[in-house]
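Peer 1: Provided below: work-v1.txt, containing compact mmCIF, C-alpha atoms.
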# COMPACT_ATOMS: atom_id res chain seq x y z
CA MET P 22 -87.36 24.78 113.01
CA CYS P 23 -86.35 23.41 109.61
CA PRO P 24 -84.08 25.99 107.89
CA LEU P 25 -85.60 25.17 104.50
CA ARG P 26 -88.81 27.02 105.35
CA PRO P 27 -87.33 30.47 106.23
CA ALA P 28 -84.59 30.11 103.60
CA TYR P 29 -87.12 29.52 100.84
CA CYS P 30 -89.43 32.31 102.04
CA LEU P 31 -86.58 34.85 102.17
CA LEU P 32 -85.06 33.89 98.83
CA SER P 33 -88.39 33.61 97.03
CA THR P 34 -89.66 36.91 98.44
CA GLY P 35 -86.43 38.64 97.50
CA LEU P 36 -86.62 37.38 93.92
CA LEU P 37 -90.28 38.37 93.65
CA LEU P 38 -89.49 41.88 94.90
CA TYR P 39 -86.65 42.11 92.39
CA ARG P 40 -89.09 41.15 89.67
CA VAL P 41 -91.61 43.76 90.78
CA GLY P 42 -89.07 46.49 90.11
CA TYR P 43 -87.82 44.83 86.92
CA TYR P 44 -91.33 44.37 85.53
CA LEU P 45 -92.52 47.84 86.50
CA ARG P 46 -89.70 49.35 84.46
CA ARG P 47 -90.65 47.22 81.44
CA LYS P 48 -94.43 47.47 81.92
CA TRP P 49 -94.74 43.70 82.44
CA ILE P 50 -96.33 43.92 85.87
CA LEU P 51 -99.46 42.05 84.74
CA TYR P 52 -97.35 38.91 84.43
CA PHE P 53 -97.79 38.71 88.20
CA ILE P 54 -101.41 37.60 87.82
CA ASP P 55 -100.32 34.39 86.08
CA LEU P 56 -100.66 31.01 87.78
CA CYS P 57 -96.96 30.50 88.53
CA PHE P 58 -96.73 33.77 90.45
CA MET P 59 -99.98 33.17 92.31
CA GLY P 60 -98.78 29.68 93.30
CA THR P 61 -95.51 30.96 94.72
CA ILE P 62 -97.19 33.80 96.61
CA ALA P 63 -99.74 31.36 98.05
CA LEU P 64 -96.93 29.02 99.12
CA ILE P 65 -95.04 31.80 100.94
CA ILE P 66 -98.19 32.91 102.76
CA THR P 67 -99.03 29.31 103.69
CA LEU P 68 -95.53 28.58 104.97
CA VAL P 69 -95.70 31.66 107.21
CA LEU P 70 -99.30 31.52 108.44
CA CYS P 71 -99.57 27.78 108.90
CA HIS P 72 -96.24 27.70 110.70
CA PHE P 73 -97.77 29.93 113.33
CA GLU P 74 -100.67 27.45 113.64
CA LEU P 75 -103.32 29.60 112.01
CA THR P 76 -106.13 27.59 110.49
CA CYS P 77 -105.07 25.79 107.30
CA SER P 78 -107.34 23.03 106.05
CA GLN P 79 -106.24 19.72 104.58
CA SER P 80 -108.14 20.53 101.38
CA TRP P 81 -106.07 23.72 101.01
CA PHE P 82 -102.84 21.84 101.71
CA ARG P 83 -103.73 19.30 99.01
CA ALA P 84 -104.81 21.94 96.51
CA LEU P 85 -101.55 23.84 96.93
CA TYR P 86 -99.49 20.66 96.72
CA ILE P 87 -101.18 19.56 93.49
CA ILE P 88 -100.73 22.93 91.77
CA LEU P 89 -97.13 23.40 92.88
CA SER P 90 -96.13 19.82 92.08
CA GLY P 91 -98.07 19.41 88.83
CA PRO P 92 -99.11 22.23 86.48
CA ILE P 93 -96.49 24.81 87.46
CA PRO P 94 -93.35 22.64 87.15
CA GLY P 95 -94.97 20.81 84.23
CA ALA P 96 -94.96 24.08 82.30
CA THR P 97 -91.15 23.96 82.21
CA PHE P 98 -91.35 21.23 79.55
CA MET P 99 -93.47 23.18 77.06
CA LEU P 100 -91.72 26.48 77.77
CA GLN P 101 -88.31 24.73 77.79
CA LEU P 102 -87.29 26.88 80.74
CA PRO P 103 -83.53 26.73 81.31
CA VAL P 104 -81.64 26.61 84.56
CA ALA P 105 -79.81 29.90 84.03
CA LEU P 106 -77.51 31.65 86.50
CA HIS P 107 -76.16 34.65 84.59
CA HIS P 108 -78.89 37.12 85.63
CA PRO P 109 -81.45 37.30 88.48
CA GLU P 110 -84.34 37.53 86.01
CA ALA P 111 -83.19 34.42 84.17
CA PHE P 112 -82.71 32.51 87.41
CA GLU P 113 -86.08 33.60 88.79
CA SER P 114 -87.91 32.17 85.77
CA TRP P 115 -86.58 28.76 86.65
CA PHE P 116 -86.83 29.20 90.41
CA LEU P 117 -90.48 30.25 90.16
CA HIS P 118 -91.49 27.09 88.29
CA GLY P 119 -89.01 24.47 89.39
CA THR P 120 -88.48 24.89 93.13
CA PRO P 121 -91.94 25.10 94.80
CA MET P 122 -92.22 21.36 94.19
CA TRP P 123 -89.19 20.90 96.48
CA LEU P 124 -91.11 22.50 99.32
CA SER P 125 -94.16 20.43 98.44
CA TYR P 126 -92.03 17.30 98.64
CA ALA P 127 -90.75 18.32 102.08
CA ARG P 128 -94.28 19.09 103.30
CA ARG P 129 -95.58 15.75 102.01
CA TRP P 130 -92.79 13.32 102.90
CA LYS P 131 -90.67 14.99 105.59
CA TRP P 132 -92.85 17.36 107.59
CA HIS P 133 -95.97 15.15 107.29
CA VAL P 134 -98.50 17.96 107.21
CA PHE P 135 -100.99 15.88 105.21
CA ASP P 136 -103.64 13.50 106.49
CA VAL P 137 -103.24 10.37 104.33
CA ASP P 138 -105.38 7.95 106.32
CA PRO P 139 -107.29 7.14 104.22
CA MET P 140 -105.28 8.04 101.13
CA PRO P 141 -107.27 10.35 98.80
CA SER P 142 -107.96 8.88 95.37
CA LEU P 143 -106.37 10.32 92.23
CA GLY P 144 -109.70 11.86 91.28
CA GLU P 145 -110.07 13.51 94.68
CA LEU P 146 -106.57 14.94 94.50
CA VAL P 147 -107.01 16.32 90.98
CA TRP P 148 -110.37 17.77 92.06
CA ASP P 149 -108.77 19.40 95.10
CA GLY P 150 -106.10 21.04 92.95
CA MET P 151 -108.34 22.23 90.15
CA ILE P 152 -111.36 23.30 92.21
CA GLY P 153 -109.43 24.41 95.27
CA PHE P 154 -106.87 26.55 93.46
CA TYR P 155 -107.00 26.57 89.66
CA VAL P 156 -110.66 27.49 89.13
CA PRO P 157 -110.64 30.30 91.77
CA TRP P 158 -107.61 31.67 89.92
CA VAL P 159 -108.66 31.20 86.28
CA ILE P 160 -112.17 32.70 86.49
CA PRO P 161 -111.06 36.18 87.70
CA TYR P 162 -107.98 35.88 85.45
CA LEU P 163 -110.14 35.38 82.36
CA ALA P 164 -112.58 38.08 83.49
CA PHE P 165 -109.69 40.53 83.82
CA LEU P 166 -108.39 39.70 80.35
CA LEU P 167 -111.83 40.31 78.85
CA VAL P 168 -112.28 43.75 80.44
CA GLN P 169 -108.65 44.91 80.30
CA PRO P 170 -109.01 47.01 77.08
CA PHE P 171 -111.70 49.09 78.79
CA LEU P 172 -109.77 49.77 81.99
CA PRO P 173 -108.03 53.09 82.64
CA CYS P 174 -104.67 53.71 81.03
CA PRO P 175 -101.91 52.64 81.31
CA ILE P 176 -103.06 49.24 82.62
CA ALA P 177 -105.34 48.76 79.60
CA GLY P 178 -102.33 48.51 77.29
CA TYR P 179 -100.00 46.48 79.49
CA GLN P 180 -98.91 43.12 78.15
CA THR P 181 -100.10 39.89 79.76
CA LEU P 182 -98.53 36.49 79.32
CA MET P 183 -101.46 35.38 77.17
CA ASP P 184 -100.74 38.27 74.80
CA LEU P 185 -97.39 36.67 73.98
CA PHE P 186 -99.19 33.84 72.21
CA VAL P 187 -101.39 35.95 69.94
CA GLU P 188 -99.68 39.25 69.12
CA GLU P 189 -96.77 40.21 66.90
CA ALA P 190 -93.48 41.12 68.50
CA ASN P 191 -92.44 44.53 69.83
CA LEU P 192 -95.86 46.17 70.03
CA THR P 193 -96.16 49.45 71.88
CA ASP P 194 -98.78 49.63 74.63
CA GLU P 195 -100.81 52.01 72.51
CA ARG P 196 -100.75 49.73 69.46
CA ARG P 197 -101.60 46.68 71.58
CA LEU P 198 -104.62 48.42 73.08
CA LEU P 199 -105.79 49.60 69.66
CA ASN P 200 -105.51 46.07 68.26
CA LYS P 201 -107.51 44.63 71.14
CA LYS P 202 -110.32 47.14 70.73
CA ASN P 203 -110.49 47.00 66.93
CA THR P 204 -110.44 43.19 66.73
CA TYR P 205 -111.99 42.42 70.10
CA LEU P 206 -114.00 39.32 69.17
CA SER P 207 -111.26 37.78 67.05
CA TYR P 208 -108.50 38.60 69.52
CA TYR P 209 -110.32 37.30 72.56
CA SER P 210 -111.61 34.18 70.86
CA LYS P 211 -107.93 33.28 70.49
CA ILE P 212 -107.27 34.23 74.11
CA LEU P 213 -110.18 32.04 75.23
CA GLY P 214 -108.76 29.15 73.22
CA PHE P 215 -105.38 29.52 74.90
CA VAL P 216 -106.99 29.70 78.34
CA LEU P 217 -108.95 26.51 77.63
CA GLY P 218 -105.74 24.85 76.45
CA HIS P 219 -104.02 26.07 79.60
CA ALA P 220 -106.80 24.55 81.70
CA PHE P 221 -106.51 21.19 79.92
CA LEU P 222 -102.74 21.04 80.32
CA SER P 223 -103.09 22.14 83.96
CA ALA P 224 -105.50 19.27 84.55
CA THR P 225 -102.96 16.80 83.16
CA GLY P 226 -100.33 18.46 85.33
CA ALA P 227 -102.64 18.07 88.32
CA LEU P 228 -102.70 14.35 87.60
CA ALA P 229 -98.89 14.29 87.76
CA GLY P 230 -99.18 16.05 91.11
CA ALA P 231 -101.72 13.48 92.30
CA LEU P 232 -99.44 10.59 91.31
CA SER P 233 -96.62 12.28 93.19
CA PHE P 234 -98.81 12.75 96.26
CA GLN P 235 -99.60 9.03 96.42
CA SER P 236 -96.12 7.68 95.69
CA TRP P 237 -92.76 8.74 97.05
CA TYR P 238 -91.03 7.09 94.08
CA ALA P 239 -93.24 8.94 91.61
CA ASN P 240 -92.64 12.24 93.42
CA VAL P 241 -88.85 11.83 93.33
CA LEU P 242 -88.92 10.80 89.67
CA TRP P 243 -91.16 13.72 88.67
CA ILE P 244 -88.87 16.18 90.46
CA ALA P 245 -85.87 14.64 88.69
CA CYS P 246 -87.56 14.90 85.27
CA VAL P 247 -88.32 18.59 85.79
CA GLN P 248 -84.77 19.34 86.97
CA ILE P 249 -83.19 17.39 84.09
CA GLN P 250 -85.36 19.24 81.60
CA GLY P 251 -84.11 22.54 83.05
CA VAL P 252 -80.48 21.46 82.82
CA ILE P 253 -80.91 20.34 79.19
CA SER P 254 -82.59 23.62 78.26
CA GLY P 255 -79.94 25.55 80.18
CA GLY P 256 -77.16 23.76 78.32
CA ASN P 257 -78.79 24.59 75.01
CA PHE P 258 -79.28 28.23 76.05
CA TYR P 259 -75.62 28.71 76.94
CA ALA P 260 -74.52 26.79 73.84
CA ARG P 261 -76.49 29.23 71.69
CA SER P 262 -75.07 32.16 73.66
CA ALA P 263 -71.55 30.90 72.92
CA ALA P 264 -72.45 30.34 69.23
CA ILE P 265 -71.79 26.61 69.58
CA VAL P 266 -75.24 25.98 68.19
CA SER P 267 -77.35 28.45 66.25
CA ASP P 268 -80.97 27.37 66.52
CA LYS P 269 -83.30 27.15 69.48
CA PRO P 270 -84.92 23.71 69.79
CA ALA P 271 -88.34 23.56 68.16
CA PHE P 272 -91.39 23.92 70.38
CA ILE P 273 -92.27 20.26 69.79
CA TRP P 274 -89.20 19.15 71.76
CA GLY P 275 -90.81 20.43 74.94
CA PHE P 276 -93.74 18.08 74.35
CA VAL P 277 -91.37 15.23 73.55
CA ARG P 278 -89.61 15.67 76.90
CA MET P 279 -92.95 15.84 78.66
CA ILE P 280 -94.09 12.60 77.03
CA VAL P 281 -90.85 10.90 78.09
CA ALA P 282 -91.45 12.08 81.65
CA TRP P 283 -94.97 10.62 81.59
CA LEU P 284 -93.70 7.31 80.19
CA LEU P 285 -91.41 7.10 83.20
CA LEU P 286 -93.86 8.48 85.75
CA LEU P 287 -96.88 6.25 85.13
CA PRO P 288 -95.17 2.83 85.52
CA THR P 289 -93.19 4.11 88.52
CA TRP P 290 -96.40 5.16 90.25
CA TYR P 291 -98.19 1.94 89.26
CA TYR P 292 -95.56 -0.47 90.53
CA SER P 293 -94.92 1.49 93.71
CA ILE P 294 -98.65 1.37 94.50
CA LEU P 295 -99.00 -2.24 93.36
CA TYR P 296 -96.25 -3.41 95.70
CA GLY P 297 -97.29 -1.17 98.59
CA ARG P 298 -94.29 1.13 98.40
CA GLY P 299 -96.09 4.38 97.62
CA SER P 300 -96.36 6.12 100.96
Take the structure from the file and write it as structure tokens.
Peer 2:
Amino acid sequence: MCPLRPAYCLLSTGLLLYRVGYYLRRKWILYFIDLCFMGTIALIITLVLCHFELTCSQSWFRALYIILSGPIPGATFMLQLPVALHHPEAFESWFLHGTPMWLSYARRWKWHVFDVDPMPSLGELVWDGMIGFYVPWVIPYLAFLLVQPFLPCPIAGYQTLMDLFVEEANLTDERRLLNKKNTYLSYYSKILGFVLGHAFLSATGALAGALSFQSWYANVLWIACVQIQGVISGGNFYARSAAIVSDKPAFIWGFVRMIVAWLLLLPTWYYSILYGRGS
């Protein structure tokens, strides 16, 4: 048995359990319904159940690969997530986004769990990822956000990741809940806009996953781009901590790094496919 499978499952489960306790103390437990957490939990379950030869379809394998190799690691660019080792919480943020694609690479190119004869088209792969995983996640996610203010306390006032984009800092749970109820239409029109933006960016990330699925060269390059982004952000984080630099890079720099990654990824995929070196 490949040691990577049990090693990842044990480490990832341990970090998730650590975060459960950490988030319960800080009332952040609703972060666990976000896509990155759901992707990691689905990967652990798949690695365990499918290893014991329970039924796992090719469409599910592809959907999981696309989400774990595209939208989730792609988020590290916009969030400028650092590779940080000084605290389990800091490390888990990176580990959650940046390492499931390693397992996806192993499943695609080393363990050969995918049926690639014939090779699915890019459209089919993006469809598998979005319809097979993203849509079944985002519909109940959005429904929960819409009804959350009317749920029993204390869950009604707990912060979600989407709240971070629309609310002022350091709100109490009581004040957050009051704001949501008093400005429901305005507040949730903003939330809906962010969810739609999330869906669009996830679709572009799914395309990166599809390119990686078809081409070994593209997959390796995409992994490298995500890791390099994390190292750059980590260097900046520790430089700010040591007062070597004072300002956090502007949000736009995350998009700049993502664009650079795409400018490298697209021609790599094209030439590897053109010259028959993809799979």
Peer 1: Nearest to Ala282 (chain P): which of P:Pro157, P:Gly95, P:Gly218, P:Gly297 is it, counting all atoms listed in the file?
Peer 2: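 When distances to Ala282 (chain P) are compared using all atoms listed in the file, the smallest one comes from P:Gly95.
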Peer 1: Listing only residues of region 225-296 of chain P within 8 Å of region 137-147 of chain P, what is the closest atom pair and its distance in Å (to one decimal) for each, using all atoms listed in the file, sorted by chain and residue number ascending, as a Markdown table?
Peer 2:
| residue | atom | partner | partner_atom | distance |
| --- | --- | --- | --- | --- |
| P:Ala227 | CA | P:Val147 | CA | 5.4 |
| P:Leu228 | CA | P:Val147 | CA | 5.8 |
| P:Gly230 | CA | P:Val147 | CA | 7.8 |
| P:Ala231 | CA | P:Leu146 | CA | 5.5 |
| P:Leu232 | CA | P:Leu143 | CA | 7.0 |
| P:Gln235 | CA | P:Met140 | CA | 7.4 |
Peer 1: Please save C-alpha atoms of the selected residues as a tab-separated table (two decimals), in the coordinates of the input.
Peer 2:
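Once written, result_8.tsv looks like this:
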chain	number	residue	atom	x	y	z
P	227	ALA	CA	-102.64	18.07	88.32
P	228	LEU	CA	-102.70	14.35	87.60
P	230	GLY	CA	-99.18	16.05	91.11
P	231	ALA	CA	-101.72	13.48	92.30
P	232	LEU	CA	-99.44	10.59	91.31
P	235	GLN	CA	-99.60	9.03	96.42
Peer 1: Using all atoms listed in the file, I'd like a table of the residues in region 124-203 of chain P that come within 12 Å of region 213-216 of chain P; for each, show the closest atom pair and its distance in Å rounded to one decimal, ordered by chain and ascending number, as CSV.
Peer 2:
residue,atom,partner,partner_atom,distance
P:Tyr155,CA,P:Val216,CA,11.7
P:Val156,CA,P:Val216,CA,11.6
P:Trp158,CA,P:Val216,CA,11.8
P:Val159,CA,P:Val216,CA,8.3
P:Ile160,CA,P:Val216,CA,10.1
P:Tyr162,CA,P:Val216,CA,9.5
P:Leu163,CA,P:Val216,CA,7.6
P:Ala164,CA,P:Leu213,CA,10.5
P:Leu166,CA,P:Leu213,CA,9.4
P:Leu167,CA,P:Leu213,CA,9.2
P:Leu182,CA,P:Phe215,CA,10.7
P:Met183,CA,P:Phe215,CA,7.4
P:Asp184,CA,P:Phe215,CA,9.9
P:Leu185,CA,P:Phe215,CA,10.8
P:Phe186,CA,P:Phe215,CA,8.0
P:Val187,CA,P:Phe215,CA,9.0
Peer 1: Deliver the residues from the most recent selection as a file, using C-alpha atoms, as an mmCIF file, keeping the file's coordinate frame.
Peer 2:
data_model
loop_
_atom_site.group_PDB
_atom_site.id
_atom_site.type_symbol
_atom_site.label_atom_id
_atom_site.label_comp_id
_atom_site.auth_asym_id
_atom_site.auth_seq_id
_atom_site.Cartn_x
_atom_site.Cartn_y
_atom_site.Cartn_z
ATOM 1 C CA TYR P 155 -107.000 26.570 89.660
ATOM 2 C CA VAL P 156 -110.660 27.490 89.130
ATOM 3 C CA TRP P 158 -107.610 31.670 89.920
ATOM 4 C CA VAL P 159 -108.660 31.200 86.280
ATOM 5 C CA ILE P 160 -112.170 32.700 86.490
ATOM 6 C CA TYR P 162 -107.980 35.880 85.450
ATOM 7 C CA LEU P 163 -110.140 35.380 82.360
ATOM 8 C CA ALA P 164 -112.580 38.080 83.490
ATOM 9 C CA LEU P 166 -108.390 39.700 80.350
ATOM 10 C CA LEU P 167 -111.830 40.310 78.850
ATOM 11 C CA LEU P 182 -98.530 36.490 79.320
ATOM 12 C CA MET P 183 -101.460 35.380 77.170
ATOM 13 C CA ASP P 184 -100.740 38.270 74.800
ATOM 14 C CA LEU P 185 -97.390 36.670 73.980
ATOM 15 C CA PHE P 186 -99.190 33.840 72.210
ATOM 16 C CA VAL P 187 -101.390 35.950 69.940
#
Peer 1: So that I can see what lies close to Cys30 (chain P), please list as a list in words the residues with an atom at most 10 Å from it, counting all atoms listed in the file and leaving out residues fewer than 4 positions away in the same chain.
Peer 2: Leu25, Arg26, Thr34, Gly35, Leu36, Thr61, Ile62, Leu64, Ile65, Ile66, Leu68 and Val69 of chain P
Peer 1: May I ask for the distance between CA of Phe171 (chain P) and CA of Phe58 (chain P), given in Å to one decimal place?
Peer 2: 24.4 Å
Peer 1: For CA of Trp115 (chain P) and CA of Leu102 (chain P), quote the distance in Å rounded to one decimal.
Peer 2: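 It comes out at 6.2 Å.
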Peer 1: Could you state the separation of CA of Tyr126 (chain P) and CA of Leu217 (chain P) in Å, given to one decimal place?
Peer 2: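 CA of Leu217 (chain P) lies at a distance of 28.5 Å from CA of Tyr126 (chain P).
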Peer 1: For each of P:Ile54, P:Leu117, P:Met99, P:Leu31, take the minimum atom-to-atom distance to His219 (chain P), counting all atoms listed in the file, then give the residue where this is smallest.
Peer 2: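 Looking at the shortest contact to His219 (chain P), the residue is P:Met99.
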